[in-house]
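Everything on this sheet refers to the single structure shown next.
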Amino acid sequence: MAFRVLWVGWMLVMMSGCASTRAVSPREEDAAWTEVRSRHFRVLTNVEAQTATRAALELETLRGAVSRLWGGEEDIPGSMDVVLLRDAAELEALVPGASGGFSAMSAEGALLVIAQEDSEAGARTRARALGYELSRRVLKSRPRWLAEGLARYLETVSVERGTREAVLGREDAPSLALVREKGWLDIDALWEQEHALKPSPEEQQWRDASAWLWVHFLAHEQPARFGKWLTLLAQGEGSRATWDATFGDLDALRKGVRRHASRERHVPRASPLPAVAEEVTVRALGAADGHVLRARVLLHAPGRDAREEALAEVQRALGEAPTHVDAATLASRLSEDTPEHLQRAHTLVRDHPEDARAWMLLAELLDPSLEPGAQADARRRAASLVRDDVSTLVRVADSYNATNHLEEGLPTARRALELDPRSPAALTSLASLSFRFEGCSEAKRLQFQVRDLLDGSTTADFREAMEQRLRTFERKCNAHPPRP
């Protein structure tokens with residue numbers, strides 16, 4: 001089952017840590033789950049629908065505030081899944097040490113996990129996640145230090161309700177304290193450490209604090225040049241070359257940063273908030289959906305390998321709804337191949353004949369050496385049914401790749417990328433297909449784009465896997481250069 005290993009590898013490399021087990025809280029069993037969709041968010045929650053609606057609109061307002069960094073009136077496209085739990089205690093029970101929440105990049109896209117109650121840690125988590133998401137959407141070229149510096153810069157954003165203004169640029173007290181105590185990394189050092197894969201937590205904190213200082217200085221002391229550079233990055237121009245061309249005299253910048261770090265007070269900047277579309281749709285979810293959502297949270301919890309706990313949640317979901325498509329898909333990825341998985345997939349397509357995900361799961365589980373026709377039929381059915389589901393399109397494209405149907409895989413991967421041009425999964429899929437079918441240049445270009453999308457919301461293991469893929473492309477391309 002080569003394809004299944006490939007797809008599971010994509011998902012599992014997003015996670016890292018040590019295995020653990022968790023007791024089920026009695027509160028989990030009586031929770032009613034709801035989905036609230038706004039323009040840019042899908043809030044999945046066990047709080048009341050009215051409260052969830054208010055939370056979705058508050059997130060829209062915060063997104064609007066964060067977007068003011070980029071200026072302009074155009075909407076920045078993109079959406080984010082948000083798992084909103086009732087309180088910090090419930091989040092802490094599910095993911096110990098994460099009571100303020102966390103963000104992650106999953107195969108399905110950006111994910112934010114938060115608790116309902118307000119806290120400084122929770123507010124910073126929300127703003128940081130949106131900082132990552134919007135810079136990922138806007139900047140086609142994005143050096144890692146800039147991604148982290150912008151995220152920290154935007155952590156301190158606030159919304160002034162009375163004046164309908166976004167306030168940007170407040171001091172990040174932890175970062176400022178660290179660089180004043182320890183000093184900060186020079187800009188050349190930040191560039192040199194751009195692709196260091198697994199720094200210690202202390203090293204990462206220092207790098208991020210240094211990046212924050214440079215971004216804060218540039219945004220407040222060099223706004224014209226900083227804005228020009230960001231515009232070039234948004235156009236996809238090379239980050240280092242445009243940096244050198246835009247800023248030139250680094251000695252003057254270094255002196256400016258030194259003065260900026262010692263300044264007693266930094267004045268934030270206010271900007272009018274954009275209008276927020278208040279239309280939402282509300283849909284009740286079942287108990288099985290709640291278990292699947294907990295499994296998603298566990299799978300992406302930072303610093304942990306909670307696959308056993310996630311599988312237990314998936315089994316509870318299947319106990320509630322034996323033909324739940326998402327639960328069946330997760331079960332097949334989290335446990336060994338068994339006849340039960342294949343039997344369940346056949347049942348899924350019988351009960352959900354119009355669901356592309358069900359047909360794709362069947363295609364993944366069928367053995368192409370034993371049933372090539374059946375697998376091709378299931379995959380073809382999935383391809384005909386899928387519309388705007390990027391993750392399922394990527395699965396279809398990767399299945400074509402794994403079975404050497406490259407001519408079918410390429411347009412499928414391109415379609416996924418057209419729907420979400422900043423999807424690491426879609427870019428990675430198209431890069432792999434391009435490498436096999438079209439050659440080195442396009443594959444490397446796409447894989448470089450993947451690297452620019454990775455930030456603090458992706459695990460070190462995933463960044464290392466993507467870096468290794470880029471090195472593989474370069475090694476094989478250098479070994480077999482194109483003919484003149």
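Residues are named by chain letter and number: chains run A, B, ... in the order of the structure tokens, numbers start at 1 in each chain, and ligands are numbered from 1 in the order shown.
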With 12 Å as the cut-off and only C-alpha atoms counted, what is the closest atom pair between each nearby residue of range 302-386 of chain A and range 73-96 of chain A? Distances in Å to one decimal, ordered by chain and number, as a tab-separated table.
```
residue	atom	partner	partner_atom	distance
A:Pro302	CA	A:Val95	CA	8.7
A:Gly303	CA	A:Val95	CA	10.2
A:Arg304	CA	A:Val95	CA	8.9
A:Asp305	CA	A:Val95	CA	11.0
A:Ala306	CA	A:Val95	CA	9.3
A:Glu309	CA	A:Leu94	CA	9.6
A:Ala310	CA	A:Leu94	CA	10.5
A:Glu313	CA	A:Leu94	CA	11.3
```
Exercise for review: Quick one: pick out all helix (DSSP H, G or I) residues within range 120-186 of chain A from a backbone DSSP run and write them as a ChimeraX atom specification.
Suggested key: /A:120-138,144-155,173-182
Practice item. Extract, using only C-alpha atoms, all DNA, RNA and protein residues at most 9 Å from Arg39 in chain A, discarding same-chain residues fewer than 6 positions from it, and format them as a PyMOL selection string. Key: chain A and resi 60+78-79+276-280
File dump, residues just selected, C-alpha atoms, as a short mmCIF file (atom, residue, chain, number, x, y, z; two decimals), in the first residue's frame:
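Writing the result to selection-v2.cif gives the following:
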```
data_model
loop_
_atom_site.label_atom_id
_atom_site.label_comp_id
_atom_site.auth_asym_id
_atom_site.auth_seq_id
_atom_site.Cartn_x
_atom_site.Cartn_y
_atom_site.Cartn_z
CA GLU A 60 -13.22 38.22 11.96
CA GLY A 78 -8.16 32.19 2.95
CA SER A 79 -9.96 30.36 5.73
CA VAL A 276 -16.69 42.89 9.04
CA ALA A 277 -19.26 40.82 7.17
CA GLU A 278 -21.61 39.49 9.86
CA GLU A 279 -23.27 36.72 7.84
CA VAL A 280 -22.79 33.31 9.44
#
```
For range 167-268 of chain A against range 149-163 of chain A, with a cut-off of 12 Å and counting only C-alpha atoms, what is the closest atom pair and its distance in Å to one decimal for every residue that makes the cut, ordered by chain and number, as a Markdown table?
```
| residue | atom | partner | partner_atom | distance |
| --- | --- | --- | --- | --- |
| A:Val167 | CA | A:Ser158 | CA | 5.3 |
| A:Leu168 | CA | A:Val157 | CA | 5.0 |
| A:Gly169 | CA | A:Tyr153 | CA | 6.4 |
| A:Arg170 | CA | A:Thr156 | CA | 5.8 |
| A:Glu171 | CA | A:Thr156 | CA | 7.2 |
| A:Asp172 | CA | A:Thr156 | CA | 6.5 |
| A:Ala173 | CA | A:Thr156 | CA | 9.4 |
| A:Pro174 | CA | A:Arg152 | CA | 10.1 |
| A:Ser175 | CA | A:Arg152 | CA | 8.4 |
| A:Leu176 | CA | A:Arg152 | CA | 11.0 |
| A:Ile187 | CA | A:Gly149 | CA | 11.9 |
| A:Leu190 | CA | A:Gly149 | CA | 10.8 |
| A:Gln204 | CA | A:Gly149 | CA | 11.8 |
| A:Gln205 | CA | A:Arg152 | CA | 10.9 |
| A:Trp206 | CA | A:Gly149 | CA | 11.3 |
| A:Arg207 | CA | A:Gly149 | CA | 9.0 |
| A:Asp208 | CA | A:Gly149 | CA | 6.2 |
| A:Ala209 | CA | A:Gly149 | CA | 7.4 |
| A:Ser210 | CA | A:Gly149 | CA | 7.7 |
| A:Ala211 | CA | A:Gly149 | CA | 4.4 |
| A:Trp212 | CA | A:Gly149 | CA | 4.0 |
| A:Leu213 | CA | A:Gly149 | CA | 7.4 |
| A:Trp214 | CA | A:Gly149 | CA | 7.4 |
| A:Val215 | CA | A:Gly149 | CA | 5.6 |
| A:His216 | CA | A:Tyr153 | CA | 6.6 |
| A:Phe217 | CA | A:Tyr153 | CA | 10.4 |
| A:Leu218 | CA | A:Gly149 | CA | 10.7 |
| A:Ala219 | CA | A:Tyr153 | CA | 9.4 |
| A:His220 | CA | A:Tyr153 | CA | 11.2 |
| A:Phe226 | CA | A:Leu150 | CA | 12.0 |
| A:Leu230 | CA | A:Leu150 | CA | 11.3 |
| A:Pro268 | CA | A:Val157 | CA | 9.4 |
```
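Between Arg422 in chain A and the residues A:Arg475, A:Arg395, A:Arg451, A:Arg225, the shortest atom-to-atom distance, using only C-alpha atoms, involves A:Arg451.
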Counting only C-alpha atoms, what is within 10 Å of Val314 in chain A, bar same-chain residues fewer than 2 positions away, as a compact mmCIF listing (two decimals) with N, CA and C atoms, in the first residue's frame?
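Done, and the output landed in out.txt:
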```
# COMPACT_ATOMS: atom_id res chain seq x y z
N ALA A 288 -20.30 12.06 17.22
CA ALA A 288 -19.13 11.51 16.52
C ALA A 288 -18.22 12.63 16.02
N ASP A 289 -18.83 13.72 15.55
CA ASP A 289 -18.02 14.86 15.10
C ASP A 289 -17.16 15.40 16.23
N GLY A 290 -17.71 15.45 17.43
CA GLY A 290 -16.95 15.93 18.57
C GLY A 290 -15.73 15.07 18.85
N HIS A 291 -15.89 13.74 18.75
CA HIS A 291 -14.75 12.86 18.97
C HIS A 291 -13.70 13.03 17.87
N VAL A 292 -14.14 13.21 16.63
CA VAL A 292 -13.20 13.42 15.53
C VAL A 292 -12.43 14.73 15.74
N LEU A 293 -13.11 15.76 16.20
CA LEU A 293 -12.44 17.03 16.44
C LEU A 293 -11.41 16.91 17.56
N ARG A 294 -11.74 16.18 18.61
CA ARG A 294 -10.75 15.96 19.67
C ARG A 294 -9.54 15.20 19.11
N ALA A 295 -9.81 14.24 18.23
CA ALA A 295 -8.70 13.51 17.62
C ALA A 295 -7.81 14.45 16.81
N ARG A 296 -8.40 15.37 16.06
CA ARG A 296 -7.60 16.33 15.30
C ARG A 296 -6.74 17.19 16.22
N GLU A 308 -2.17 7.38 20.05
CA GLU A 308 -3.00 6.39 20.75
C GLU A 308 -4.26 7.04 21.29
N GLU A 309 -4.12 8.21 21.88
CA GLU A 309 -5.29 8.92 22.38
C GLU A 309 -6.23 9.31 21.24
N ALA A 310 -5.64 9.76 20.14
CA ALA A 310 -6.46 10.15 18.99
C ALA A 310 -7.22 8.95 18.44
N LEU A 311 -6.55 7.81 18.36
CA LEU A 311 -7.23 6.61 17.86
C LEU A 311 -8.38 6.21 18.78
N ALA A 312 -8.19 6.37 20.09
CA ALA A 312 -9.28 6.07 21.02
C ALA A 312 -10.48 6.97 20.76
N ARG A 316 -14.30 5.89 19.47
CA ARG A 316 -15.55 6.35 20.08
C ARG A 316 -16.47 6.95 19.01
N ALA A 317 -15.87 7.68 18.07
CA ALA A 317 -16.67 8.26 16.99
C ALA A 317 -17.34 7.17 16.17
N LEU A 318 -16.60 6.13 15.84
CA LEU A 318 -17.17 5.04 15.05
C LEU A 318 -18.21 4.26 15.85
N GLY A 319 -18.05 4.25 17.17
CA GLY A 319 -19.10 3.65 18.00
C GLY A 319 -20.40 4.44 17.92
N GLU A 320 -20.28 5.76 17.80
CA GLU A 320 -21.46 6.62 17.67
C GLU A 320 -22.04 6.57 16.25
N HIS A 324 -19.12 7.14 9.69
CA HIS A 324 -18.65 8.53 9.71
C HIS A 324 -17.39 8.61 8.85
N ASP A 326 -15.03 10.96 8.12
CA ASP A 326 -13.78 11.46 8.70
C ASP A 326 -13.21 10.49 9.73
N ALA A 327 -14.08 9.89 10.54
CA ALA A 327 -13.61 8.93 11.54
C ALA A 327 -13.00 7.71 10.86
N ALA A 328 -13.66 7.22 9.82
CA ALA A 328 -13.13 6.05 9.10
C ALA A 328 -11.78 6.37 8.46
N THR A 329 -11.65 7.57 7.92
CA THR A 329 -10.39 7.96 7.29
C THR A 329 -9.27 8.03 8.32
N LEU A 330 -9.54 8.64 9.47
CA LEU A 330 -8.53 8.71 10.52
C LEU A 330 -8.19 7.33 11.05
N ALA A 331 -9.18 6.47 11.20
CA ALA A 331 -8.92 5.11 11.69
C ALA A 331 -7.96 4.38 10.76
N LEU A 334 -4.40 5.77 11.34
CA LEU A 334 -3.79 5.64 12.68
C LEU A 334 -3.58 4.20 13.10
```
Exercise for review: Find the spatial neighbours of range 335-347 of chain A, counting only C-alpha atoms, within a cut-off of 8 Å - ignore same-chain residues fewer than 4 positions away - and output them as a VMD selection string.
Suggested key: chain A and resid 311 323 328 331 351 358 to 359 361 to 362 365 to 366
Review point. Can you list, as a PyMOL selection string, every residue of range 20-99 of chain A that DSSP puts in strand (DSSP E)?
Key: chain A and resi 33-37+41-45+80-85
Written file, previous selection with C-alpha atoms, as an mmCIF file, in the first residue's frame:
```cif
data_model
loop_
_atom_site.group_PDB
_atom_site.id
_atom_site.type_symbol
_atom_site.label_atom_id
_atom_site.label_comp_id
_atom_site.auth_asym_id
_atom_site.auth_seq_id
_atom_site.Cartn_x
_atom_site.Cartn_y
_atom_site.Cartn_z
ATOM 1 C CA TRP A 33 -21.129 20.348 19.066
ATOM 2 C CA THR A 34 -21.833 23.097 16.548
ATOM 3 C CA GLU A 35 -20.240 24.423 13.362
ATOM 4 C CA VAL A 36 -20.376 28.170 12.731
ATOM 5 C CA ARG A 37 -19.073 29.430 9.386
ATOM 6 C CA PHE A 41 -13.443 30.906 9.761
ATOM 7 C CA ARG A 42 -15.074 27.579 10.429
ATOM 8 C CA VAL A 43 -15.574 27.477 14.184
ATOM 9 C CA LEU A 44 -16.113 23.960 15.530
ATOM 10 C CA THR A 45 -17.178 24.100 19.135
ATOM 11 C CA MET A 80 -9.028 28.708 8.998
ATOM 12 C CA ASP A 81 -10.532 25.926 11.083
ATOM 13 C CA VAL A 82 -10.941 26.883 14.738
ATOM 14 C CA VAL A 83 -11.659 24.356 17.482
ATOM 15 C CA LEU A 84 -13.185 26.378 20.321
ATOM 16 C CA LEU A 85 -13.480 24.537 23.651
#
```
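For the choices A:Val138, A:Met360, A:Ala425, A:Asp461, the atom-to-atom distance to Ala374 in chain A is smallest for A:Met360 when using only C-alpha atoms.
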Point to revise | Residues within 9 Å of range 404-417 of chain A, only C-alpha atoms, excluding chain neighbours under 2 positions, as a VMD selection string | key: chain A and resid 383 388 to 394 396 to 402 419 to 423 425 to 427 429 to 430 433 to 434 436 to 437
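Take CA of Gly456 in chain A and CA of Gly97 in chain A: the distance between them is 17.1 Å.
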**Study point:** Among listed residues A:Arg463, A:Arg128, A:Lys255, A:Arg263, nearest Glu194 in chain A (using only C-alpha atoms)
**Key:**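 With only C-alpha atoms as the atom set, the closest residue is A:Arg463.
Considering the residues A:Met105, A:Val113, A:Leu470, A:Leu185 and counting only C-alpha atoms, Ala443 in chain A has its shortest atom-to-atom contact with A:Leu470.
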